[in-house]
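entry-v9.txt (compact mmCIF, C-alpha atoms)
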# COMPACT_ATOMS: atom_id res chain seq x y z
CA MET X 1021 -5.85 13.19 -18.23
CA LYS X 1022 -9.42 14.44 -18.30
CA LYS X 1023 -11.27 16.91 -16.16
CA LYS X 1024 -12.87 14.24 -13.98
CA ASP X 1025 -9.46 12.70 -13.32
CA ILE X 1026 -8.24 16.02 -11.95
CA ILE X 1027 -11.38 16.40 -9.81
CA LEU X 1028 -10.88 12.88 -8.48
CA ILE X 1029 -7.23 13.54 -7.60
CA CYS X 1030 -8.12 16.80 -5.84
CA GLY X 1031 -10.86 14.96 -3.95
CA VAL X 1032 -8.48 12.28 -2.72
CA LEU X 1033 -5.94 14.92 -1.66
CA LEU X 1034 -8.71 16.72 0.27
CA VAL X 1035 -9.62 13.49 2.07
CA ALA X 1036 -5.92 13.06 2.89
CA LEU X 1037 -5.81 16.56 4.40
CA ALA X 1038 -9.01 15.91 6.36
CA SER X 1039 -7.69 12.64 7.76
CA LEU X 1040 -4.46 14.38 8.75
CA TYR X 1041 -6.54 16.94 10.65
CA VAL X 1042 -8.70 14.26 12.31
CA SER X 1043 -5.60 12.29 13.25
CA ARG X 1044 -4.10 15.37 14.93
CA MET X 1045 -7.42 16.06 16.72
CA VAL X 1046 -7.73 12.62 18.27
CA THR X 1047 -4.14 12.51 19.51
CA PRO X 1048 -4.34 13.03 23.29
CA LYS X 1049 -2.58 16.07 24.69
CA SER X 1050 -0.18 15.20 27.46
CA GLU X 1051 1.36 17.46 30.13
CA VAL X 1052 4.74 15.79 29.84
CA ALA X 1053 6.31 13.90 26.98
CA THR X 1054 4.85 10.44 27.17
CA VAL X 1055 5.51 7.06 25.58
CA THR X 1056 2.60 4.65 25.26
CA VAL X 1057 3.05 1.08 24.11
CA PHE X 1058 0.10 -0.79 22.63
CA VAL X 1059 -0.01 -4.52 22.03
CA ASN X 1060 -2.78 -5.74 19.71
CA GLY X 1061 -4.77 -2.58 20.35
CA ALA X 1062 -4.63 -2.70 24.16
CA GLU X 1063 -2.46 -0.39 26.23
CA TYR X 1064 0.53 -2.31 27.52
CA ALA X 1065 2.69 0.34 29.18
CA LYS X 1066 2.68 4.10 29.62
CA VAL X 1067 5.86 5.83 30.75
CA VAL X 1068 7.23 9.35 30.93
CA ALA X 1069 9.87 10.03 28.29
CA ASP X 1070 12.30 11.32 30.96
CA ASP X 1071 12.16 8.00 32.75
CA TYR X 1072 14.92 6.21 30.84
CA GLN X 1073 14.32 2.50 30.55
CA THR X 1074 14.06 -0.51 28.30
CA ILE X 1075 10.61 -1.97 27.75
CA THR X 1076 10.54 -5.57 26.61
CA VAL X 1077 7.28 -6.78 25.12
CA ASP X 1078 7.31 -10.55 25.16
CA GLN X 1079 4.04 -11.98 23.93
CA GLY X 1080 5.06 -15.50 24.82
CA ASP X 1081 4.66 -16.91 21.31
CA GLY X 1082 8.07 -15.99 19.97
CA LYS X 1083 7.11 -12.36 19.35
CA VAL X 1084 9.49 -10.10 21.25
CA ASN X 1085 9.94 -6.36 20.82
CA VAL X 1086 12.46 -4.28 22.74
CA ILE X 1087 11.74 -0.56 23.07
CA VAL X 1088 14.40 1.78 24.40
CA VAL X 1089 13.65 5.11 26.09
CA ASP X 1090 16.81 7.14 26.71
CA GLN X 1091 18.26 10.65 26.39
CA SER X 1092 18.41 10.48 22.60
CA GLY X 1093 14.74 9.55 22.36
CA ILE X 1094 12.50 6.55 21.79
CA SER X 1095 13.36 3.73 19.44
CA MET X 1096 12.62 0.09 18.71
CA LYS X 1097 15.89 -1.63 19.49
CA SER X 1098 14.95 -5.06 18.25
CA SER X 1099 12.01 -7.04 16.99
CA THR X 1100 11.45 -10.64 16.04
CA CYS X 1101 9.41 -9.62 12.99
CA LYS X 1102 10.45 -10.38 9.43
CA ASN X 1103 10.47 -6.94 7.82
CA GLN X 1104 12.23 -4.95 10.61
CA ILE X 1105 10.50 -1.75 9.48
CA CYS X 1106 9.97 -0.76 13.14
CA VAL X 1107 13.69 -1.15 13.92
CA HIS X 1108 14.66 0.94 10.90
CA HIS X 1109 12.20 3.63 11.86
CA GLY X 1110 14.89 5.35 13.91
CA VAL X 1111 14.70 7.49 17.02
CA ILE X 1112 11.78 9.76 17.92
CA ASP X 1113 12.74 12.87 19.86
CA PRO X 1114 9.95 13.43 22.45
CA ASN X 1115 10.65 17.19 22.46
CA ASN X 1116 9.30 17.65 18.97
CA ALA X 1117 6.93 14.68 18.80
CA ASP X 1118 3.93 17.01 18.44
CA GLU X 1119 5.45 18.76 15.47
CA LEU X 1120 6.04 15.51 13.66
CA LEU X 1121 3.04 15.19 11.39
CA LEU X 1122 2.99 11.43 11.07
CA ASP X 1123 6.16 10.09 12.57
CA HIS X 1124 5.23 10.05 16.24
CA TRP X 1125 4.35 6.36 15.94
CA ILE X 1126 6.62 3.35 15.67
CA VAL X 1127 4.58 0.43 14.42
CA CYS X 1128 5.49 -3.22 14.13
CA LEU X 1129 2.64 -4.62 12.05
CA PRO X 1130 3.69 -8.30 12.09
CA ASN X 1131 3.88 -8.39 15.89
CA GLY X 1132 0.94 -6.05 16.47
CA VAL X 1133 3.01 -3.68 18.60
CA SER X 1134 2.71 0.10 18.29
CA VAL X 1135 4.44 2.86 20.23
CA GLU X 1136 3.04 6.37 20.43
CA VAL X 1137 5.13 9.34 21.51
CA THR X 1138 3.31 12.49 22.54
CA GLY X 1139 5.07 15.71 23.45
CA ALA X 1140 4.39 18.22 26.19
CA GLU X 1141 1.95 20.20 24.06
CA GLY X 1142 -0.86 20.00 26.63
CA LYS X 1143 1.17 22.13 29.06
CA LYS X 1144 1.03 25.21 26.84
CA MET P 573 -19.17 -18.35 -15.04
CA ASN P 574 -20.05 -19.78 -18.37
CA ARG P 575 -17.11 -19.01 -20.52
CA ARG P 576 -14.99 -20.94 -22.92
CA TRP P 577 -11.41 -21.46 -21.79
CA ASP P 578 -9.75 -22.06 -25.10
CA ALA P 579 -6.01 -22.45 -25.58
CA SER P 580 -5.43 -18.85 -26.66
CA THR P 581 -7.23 -17.44 -23.59
CA ILE P 582 -5.30 -19.71 -21.27
CA ALA P 583 -2.00 -18.79 -22.92
CA LYS P 584 -2.80 -15.10 -22.72
CA LEU P 585 -3.79 -15.29 -19.06
CA GLY P 586 -0.68 -17.32 -18.30
CA LEU P 587 1.53 -14.68 -19.86
CA LEU P 588 -0.26 -11.85 -18.08
CA THR P 589 0.02 -13.69 -14.76
CA ALA P 590 3.75 -14.09 -15.33
CA VAL P 591 4.14 -10.40 -16.19
CA ALA P 592 2.18 -9.40 -13.08
CA ILE P 593 4.27 -11.64 -10.82
CA VAL P 594 7.55 -10.41 -12.30
CA LEU P 595 6.50 -6.77 -11.92
CA GLY P 596 5.44 -7.46 -8.34
CA TYR P 597 8.71 -9.24 -7.58
CA PHE P 598 10.68 -6.40 -9.15
CA GLU P 599 9.03 -3.98 -6.73
CA TYR P 600 9.56 -6.36 -3.84
CA LEU P 601 13.31 -6.38 -4.59
CA LEU P 602 13.57 -2.67 -5.33
CA PRO P 603 11.29 -0.67 -3.04
CA VAL P 604 11.41 2.52 -5.10
CA THR P 605 9.67 4.70 -2.56
CA GLY P 606 11.36 3.85 0.74
CA ILE P 607 8.09 4.37 2.64
CA PRO P 608 6.79 1.16 4.23
CA GLY P 609 3.61 -0.02 2.56
CA VAL P 610 4.02 2.20 -0.48
CA LYS P 611 4.75 0.53 -3.78
CA LEU P 612 4.54 1.70 -7.35
CA GLY P 613 1.94 -0.94 -8.15
CA LEU P 614 3.16 -1.69 -11.66
CA ALA P 615 1.38 -5.04 -11.50
CA ASN P 616 -1.84 -3.05 -11.58
CA THR P 617 -1.15 -2.18 -15.22
CA VAL P 618 -1.73 -5.87 -15.96
CA LEU P 619 -5.08 -5.78 -14.19
CA LEU P 620 -5.98 -2.62 -16.10
CA TYR P 621 -4.99 -4.37 -19.31
CA ALA P 622 -7.31 -7.26 -18.46
CA LEU P 623 -10.15 -4.90 -17.52
CA TYR P 624 -9.88 -2.77 -20.66
CA LEU P 625 -8.79 -5.24 -23.33
CA LEU P 626 -10.09 -8.58 -22.04
CA ASP P 627 -13.03 -9.01 -19.68
CA VAL P 628 -14.01 -8.88 -16.01
CA PRO P 629 -13.70 -12.64 -15.23
CA SER P 630 -10.16 -12.64 -16.65
CA ALA P 631 -9.24 -9.67 -14.48
CA ILE P 632 -10.61 -11.34 -11.34
CA LEU P 633 -8.84 -14.59 -12.15
CA LEU P 634 -5.58 -12.72 -12.80
CA MET P 635 -5.81 -10.95 -9.47
CA PHE P 636 -6.31 -14.22 -7.58
CA LEU P 637 -3.46 -15.91 -9.45
CA LYS P 638 -1.10 -12.99 -8.95
CA VAL P 639 -1.80 -12.63 -5.23
CA GLY P 640 -1.80 -16.36 -4.55
CA LEU P 641 1.38 -17.13 -6.46
CA SER P 642 3.30 -14.06 -5.23
CA GLY P 643 2.29 -14.95 -1.69
CA LEU P 644 3.51 -18.51 -2.11
CA LEU P 645 6.73 -17.49 -3.85
CA PHE P 646 7.95 -14.60 -1.74
CA GLY P 647 5.38 -12.78 0.38
CA GLY P 648 4.24 -15.29 2.96
CA PRO P 649 0.74 -15.67 4.46
CA ALA P 650 0.68 -12.27 6.22
CA ALA P 651 1.53 -10.37 3.04
CA MET P 652 -1.05 -12.44 1.19
CA ILE P 653 -3.89 -11.25 3.44
CA TYR P 654 -2.98 -7.62 2.72
CA SER P 655 -2.64 -8.25 -1.00
CA PHE P 656 -5.96 -10.09 -1.19
CA ALA P 657 -7.79 -7.32 0.61
CA GLY P 658 -6.14 -4.70 -1.59
CA GLY P 659 -6.68 -6.61 -4.80
CA MET P 660 -10.32 -7.38 -4.13
CA LEU P 661 -11.33 -3.87 -3.13
CA SER P 662 -9.41 -2.24 -5.98
CA LEU P 663 -11.06 -4.55 -8.51
CA ALA P 664 -14.48 -3.98 -6.92
CA VAL P 665 -13.94 -0.24 -7.39
CA MET P 666 -12.25 -0.33 -10.81
CA ILE P 667 -14.83 -2.58 -12.49
CA PRO P 668 -17.68 -0.05 -12.17
CA ALA P 669 -15.34 2.97 -12.36
CA ARG P 670 -14.19 2.24 -15.91
CA LYS P 671 -17.83 2.67 -17.05
CA ILE P 672 -17.94 6.26 -15.77
CA LYS P 673 -17.95 8.68 -18.66
CA GLY P 674 -15.23 11.28 -18.59
CA LEU P 675 -12.98 9.26 -16.33
CA SER P 676 -9.89 8.12 -18.19
CA ILE P 677 -7.74 5.12 -17.42
CA VAL P 678 -5.57 7.38 -15.24
CA GLY P 679 -8.54 8.18 -13.01
CA VAL P 680 -9.51 4.51 -12.81
CA SER P 681 -5.94 3.65 -11.91
CA VAL P 682 -5.90 6.29 -9.15
CA LEU P 683 -9.18 4.91 -7.77
CA GLY P 684 -7.69 1.43 -7.86
CA ALA P 685 -4.57 2.54 -5.99
CA VAL P 686 -6.57 4.47 -3.39
CA SER P 687 -8.92 1.56 -2.72
CA HIS P 688 -5.99 -0.87 -2.66
CA ASN P 689 -4.27 1.17 0.03
CA ALA P 690 -7.53 1.76 1.90
CA ALA P 691 -8.21 -1.98 2.09
CA GLN P 692 -4.72 -2.61 3.41
CA MET P 693 -5.30 0.07 6.03
CA PHE P 694 -8.46 -1.69 7.19
CA VAL P 695 -6.58 -4.96 7.57
CA ALA P 696 -3.76 -3.19 9.43
CA CYS P 697 -6.31 -1.45 11.65
CA PHE P 698 -7.82 -4.81 12.49
CA ILE P 699 -4.41 -6.25 13.38
CA VAL P 700 -2.84 -3.33 15.26
CA GLY P 701 -6.01 -1.70 16.54
CA THR P 702 -4.61 1.73 17.33
CA ARG P 703 -4.77 5.26 15.98
CA ALA P 704 -1.35 4.70 14.44
CA ILE P 705 -3.10 3.57 11.29
CA LEU P 706 -5.17 6.75 11.09
CA ALA P 707 -1.96 8.77 11.34
CA TYR P 708 -0.66 6.83 8.36
CA LEU P 709 -3.76 7.27 6.19
CA PRO P 710 -2.77 10.67 4.69
CA VAL P 711 0.60 9.27 3.62
CA LEU P 712 -0.99 6.30 1.92
CA LEU P 713 -3.64 8.45 0.20
CA VAL P 714 -1.13 10.91 -1.22
CA ALA P 715 1.09 8.01 -2.25
CA ALA P 716 -1.86 6.34 -3.99
CA VAL P 717 -2.52 9.47 -6.04
CA ILE P 718 1.09 9.57 -7.23
CA THR P 719 1.54 5.85 -7.90
CA GLY P 720 -1.97 5.54 -9.37
CA THR P 721 -1.30 8.35 -11.83
CA LEU P 722 2.05 6.86 -12.82
CA THR P 723 0.69 3.35 -13.43
CA GLY P 724 -2.33 4.82 -15.21
CA VAL P 725 -0.07 6.72 -17.60
CA VAL P 726 2.07 3.62 -18.13
CA ALA P 727 -1.07 1.62 -18.92
CA ARG P 728 -2.39 4.29 -21.31
CA TYR P 729 0.79 4.38 -23.38
CA THR P 730 1.05 0.59 -23.31
CA PHE P 731 -2.48 0.27 -24.68
CA ARG P 732 -1.90 2.96 -27.24
CA SER P 733 0.98 1.00 -28.72
CA LEU P 734 -1.22 -2.10 -28.83
CA SER P 735 -4.36 -1.76 -30.89
CA PRO P 736 -7.20 -3.95 -29.59
CA LYS P 737 -6.96 -5.92 -32.83
CA HIS P 738 -3.32 -6.53 -32.14
CA ALA P 739 -4.16 -7.54 -28.61
CA GLN P 740 -6.27 -10.45 -29.80
CA ARG P 741 -3.35 -12.03 -31.57
CA ALA P 742 0.36 -12.35 -31.20
CA THR P 743 0.33 -12.29 -27.42
CA ARG P 744 4.03 -12.79 -27.32
CA SER P 745 5.08 -9.69 -29.21
CA GLU P 746 2.43 -7.85 -27.23
CA ASN P 747 4.17 -8.57 -23.97
CA GLN P 748 7.53 -7.61 -25.38
CA THR P 749 6.12 -4.26 -26.43
CA LYS P 750 4.55 -3.93 -23.04
CA ASN P 751 7.77 -4.57 -21.17
CA SER P 752 9.75 -2.20 -23.30
CA THR P 753 7.16 0.54 -22.79
CA GLN P 754 7.40 0.09 -19.07
CA LYS P 755 11.16 0.13 -19.11
CA GLN P 756 11.13 3.39 -21.02
CA ASP P 757 8.74 4.83 -18.52
CA GLU P 758 10.88 3.84 -15.59
CA SER P 759 14.15 5.09 -16.98

Produce structure tokens that represent the structure in this file.
Amino acid sequence: MKKKDIILICGVLLVALASLYVSRMVTPKSEVATVTVFVNGAEYAKVVADDYQTITVDQGDGKVNVIVVDQSGISMKSSTCKNQICVHHGVIDPNNADELLLDHWIVCLPNGVSVEVTGAEGKK
Amino acid sequence: MNRRWDASTIAKLGLLTAVAIVLGYFEYLLPVTGIPGVKLGLANTVLLYALYLLDVPSAILLMFLKVGLSGLLFGGPAAMIYSFAGGMLSLAVMIPARKIKGLSIVGVSVLGAVSHNAAQMFVACFIVGTRAILAYLPVLLVAAVITGTLTGVVARYTFRSLSPKHAQRATRSENQTKNSTQKQDES
């Protein structure tokens, strides 16, 4: 490992920190804990986290994602995708969604569905 | 490309392709990290080998073979798009980077891993189209530093045990040495 390698590694870590900061900056502040569902980049549904419900995203071409909002939090109950990463993501607690550095998103890449959970940080 | 594809070159590239696919498959079966999208990238040691001990056309050809065959065998078309993007950008970065004085193979490997992950992020961004991807960028960057350093160190010790003279001949024993070095590194 040479000096330039170390400089390079530090540089990449700095970029990582900067992107973390930018990511936190661009996250909208909401008054109440909110769940927003995006399908292929467009907003599909926006609900309050206290409003318990099941959101089914059926894109009509065999791609179906079921998102559950209940007292335990927000989770992807089922997905027709191959890797099931979104289903294994687990439950996001809306009360501490703002403290979660990276985990306030559930993303299903194969189906192009992403769910963002924002906390009630904007109220403070 | 005006190069001579003699039997020894073809045999060598065939072996390297096989090693790259096996390493890739190994990681596909055993996701060491547990974070989606983060892999050790051991197959990159094969590309580094081609870049340092063979030549640029061989490295490019190896990348295309590895991505194409892995995609056909176990990844599927969606995974292939990500791998192609990652493979092409990492090669485009590593080819000039290895000429930089004072940057060792570890640094080149880190650059390759970072650009590989960055390219995959761009593809994901295009598909999902939300800020979710930006939130994931720091994870992938930090992961690239760790995996890039590891594969770079693996590659360095592999090359050290193979003198360039040795590398020109006896391709078979070469790959055995290579595999055993990697096994030691993993254990």

Can you check which parts of chain P lie within 7 Å of chain X? Per residue, the shortest pair of atoms and distance in Å to one decimal, counting all atoms listed in the file, sorted by chain and number, as a tab-separated table.
residue	atom	partner	partner_atom	distance
P:Gly674	CA	X:Lys1024	CA	6.0
P:Leu675	CA	X:Lys1024	CA	5.5
P:Ser676	CA	X:Lys1022	CA	6.3
P:Val678	CA	X:Met1021	CA	6.5
P:Gly679	CA	X:Asp1025	CA	4.6
P:Ile699	CA	X:Gly1132	CA	6.2
P:Val700	CA	X:Gly1132	CA	4.8
P:Gly701	CA	X:Gly1061	CA	4.1
P:Thr702	CA	X:Gly1061	CA	5.3
P:Ala704	CA	X:Trp1125	CA	6.1
P:Leu706	CA	X:Ser1043	CA	6.0
P:Ala707	CA	X:Ser1043	CA	5.4
P:Tyr708	CA	X:Leu1122	CA	6.5
P:Leu709	CA	X:Ser1039	CA	6.8
P:Pro710	CA	X:Ala1036	CA	4.3
P:Leu713	CA	X:Ala1036	CA	5.8
P:Val714	CA	X:Leu1033	CA	6.3
P:Val717	CA	X:Ile1029	CA	6.4

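Note that atom CA of P:Leu641 and atom CA of P:Val686 are 23.2 Å apart.
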
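Residue nearest X:Val1055, chosen from X:His1108, X:Val1089, X:Gly1031, X:Gly1080 and counting all atoms listed in the file: X:Val1089.
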
* Point-to-point distance from atom CA of P:Ser630 to atom CA of P:Val618, Å rounded to tenths ->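 Atom CA of P:Val618 lies 10.8 Å from atom CA of P:Ser630.
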
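Distance-wise, atom CA of P:Thr719 and atom CA of P:Gly658 end up 14.5 Å apart.
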
* Hey, what's within 10 Å of P:Ile677 if we count all atoms listed in the file and toss same-chain stuff fewer than 3 positions away? As number ranges by chain, please? -> X: 1021-1022, 1025; P: 620, 624, 666, 669-670, 674, 680-683, 720-721, 723-728

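Ranking P:Gly586, P:Gly596, P:Gly640, P:Pro649 by their shortest atom-to-atom distance to P:Thr617, with all atoms listed in the file included, puts P:Gly596 first.
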